[in-house]
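S.K.: Shown below is the structure under consideration.
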Amino acid sequence: MEKTLYLLLFCASTQCFADTAYIGVDYVLPEMAISNEDVKPKSTALRLGVSNNNMAFEAQYLTANEKDNLYRIEFDIEKSAALFFVMQSDVVNGFGLDVSVGYAQTDITVNGPEETINDEFQYKGFAWGVAMHQDIPYLDNTQVRLGYQSLYDKDDIEITAISLGFTYQF
């Protein structure tokens, strides 16, 4: 919780140097690949960012809407928090492209029958993503966004996500 508070204070303090602040909400389809077996709990992400000269800092918080099962073992993303440096292209004909690099921490809960795994796991490290966005005609400062992220990829565990959502710029 303390890290989240510092992150929010950092984002708020950088706004004095930013020309644009934005907020986004995405429907996320994460995929956790563990030893070539996949689970896909559906999630929602909240994104907050500040931008200046096509460069942005973005904080993202992701939480699961529902769990997924694999061999009677239930996988749930408790939360995922990330901080990204985003390189933004110029918007041409209403379209733009963002490439992000940063750090993510994902907490996963695994529950199953008594003879299987029942534990909480935390995966943290380098994260990256790419997203394409389009201005929505007749809605000023609003964009629809389609993105791909890699939140973790080590030790035979891979956490990736495809997202679709909206962004509003202040």
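Going by the structure tokens order, chains are called A, B, ..., each with residues numbered from 1, while ligands are numbered from 1 in the order shown.
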So that I can see what lies close to Glu31 (chain A), please list as a compact mmCIF listing (two decimals) with C-alpha atoms, in the first residue's frame the residues with an atom at most 7 Å from it, counting only C-alpha atoms and leaving out residues fewer than 5 positions away in the same chain.
M.R.:
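Written output follows (selection_4.txt):
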# COMPACT_ATOMS: atom_id res chain seq x y z
CA ASP A 38 -3.03 -21.66 -20.04
CA VAL A 39 -5.56 -19.97 -17.77
CA LYS A 40 -7.46 -16.82 -18.73
CA ILE A 159 1.69 -13.44 -17.99
CA THR A 160 0.39 -11.51 -21.01
CA ALA A 161 -2.76 -9.52 -21.69
S.K.: Report as number ranges by chain all protein, DNA and RNA residues lying within 6 Å of region 48-50 of chain A, evaluated on only C-alpha atoms, omitting residues in the same chain fewer than 5 positions from it.
M.R.: A: 18, 20-23, 56-59
S.K.: Run DSSP on the backbone and tell me which residues of chain A come out as alpha helix (DSSP H); list them as a PyMOL selection string.
M.R.: chain A and resi 2-14
S.K.: So that I have them on file, write out the residues from the current selection with C-alpha atoms, as a CSV table (one decimal), in the first residue's frame.
M.R.:
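This went into result_18.csv:
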chain,number,residue,atom,x,y,z
A,2,GLU,CA,2.9,2.3,0.8
A,3,LYS,CA,4.3,1.9,-2.7
A,4,THR,CA,1.0,2.7,-4.3
A,5,LEU,CA,0.8,5.9,-2.3
A,6,TYR,CA,4.3,6.9,-3.4
A,7,LEU,CA,3.4,6.1,-7.0
A,8,LEU,CA,0.2,8.2,-6.9
A,9,LEU,CA,2.1,11.1,-5.3
A,10,PHE,CA,4.8,10.8,-8.0
A,11,CYS,CA,2.1,10.9,-10.8
A,12,ALA,CA,0.4,13.9,-9.2
A,13,SER,CA,3.7,15.9,-8.8
A,14,THR,CA,4.7,15.3,-12.4
S.K.: Excluding Pro30 (chain A) and any residue of its chain fewer than 2 positions from it, enumerate the residues within 12 Å of it, using only C-alpha atoms, and give them as JSON, numbers by chain.
M.R.: {"A": [26, 27, 28, 32, 33, 38, 39, 40, 41, 42, 43, 44, 45, 62, 63, 64, 65, 66, 67, 68, 75, 76, 77, 79, 80, 106, 147, 148, 149, 150, 151, 152, 158, 159, 160, 161, 162, 163, 164]}
S.K.: Mind the document's chain letters and residue numbers, and return as a PyMOL selection string the residues of region 74-115 of chain A that DSSP labels strand (DSSP E).
M.R.: chain A and resi 74-88+95-111
S.K.: Could you save the residues just selected, with C-alpha atoms, as a compact mmCIF listing (two decimals), in the first residue's frame?
M.R.:
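In the end it all went to out31.txt:
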# COMPACT_ATOMS: atom_id res chain seq x y z
CA GLU A 74 -8.66 -22.15 -9.61
CA PHE A 75 -6.39 -19.26 -10.67
CA ASP A 76 -7.21 -15.68 -9.69
CA ILE A 77 -5.32 -12.44 -10.30
CA GLU A 78 -5.65 -10.68 -6.96
CA LYS A 79 -4.08 -7.52 -8.35
CA SER A 80 -1.44 -6.28 -10.71
CA ALA A 81 0.17 -2.88 -10.38
CA ALA A 82 2.54 -1.45 -12.96
CA LEU A 83 4.42 1.73 -13.76
CA PHE A 84 5.28 2.38 -17.41
CA PHE A 85 7.28 4.88 -19.42
CA VAL A 86 5.21 5.34 -22.59
CA MET A 87 6.57 6.56 -25.92
CA GLN A 88 3.68 7.98 -27.94
CA PHE A 95 -4.71 7.02 -35.13
CA GLY A 96 -1.71 6.72 -32.82
CA LEU A 97 0.66 4.10 -31.46
CA ASP A 98 2.10 3.77 -27.94
CA VAL A 99 5.04 1.62 -26.86
CA SER A 100 5.56 1.17 -23.13
CA VAL A 101 8.31 -0.28 -20.94
CA GLY A 102 8.30 -0.53 -17.19
CA TYR A 103 7.88 -2.64 -14.09
CA ALA A 104 4.89 -4.76 -13.01
CA GLN A 105 4.00 -6.70 -9.88
CA THR A 106 1.25 -9.32 -10.19
CA ASP A 107 -0.27 -11.23 -7.25
CA ILE A 108 -1.95 -14.54 -8.08
CA THR A 109 -3.96 -16.82 -5.78
CA VAL A 110 -4.15 -20.54 -6.56
CA ASN A 111 -6.84 -22.70 -4.89
S.K.: Using only C-alpha atoms, can you tell me which of A:Phe121, A:Phe126, A:Phe170, A:Tyr61 comes closest to Asp140 (chain A)?
M.R.: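 Looking only at the distances to Asp140 (chain A), the closest residue turns out to be A:Phe170.
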S.K.: Using only C-alpha atoms, pick whichever of A:Tyr168, A:Glu114, A:Gln122, A:Asn53 has the shortest atom-to-atom distance to Asp135 (chain A).
M.R.: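 Ranked by minimum distance to Asp135 (chain A), first place goes to A:Tyr168.
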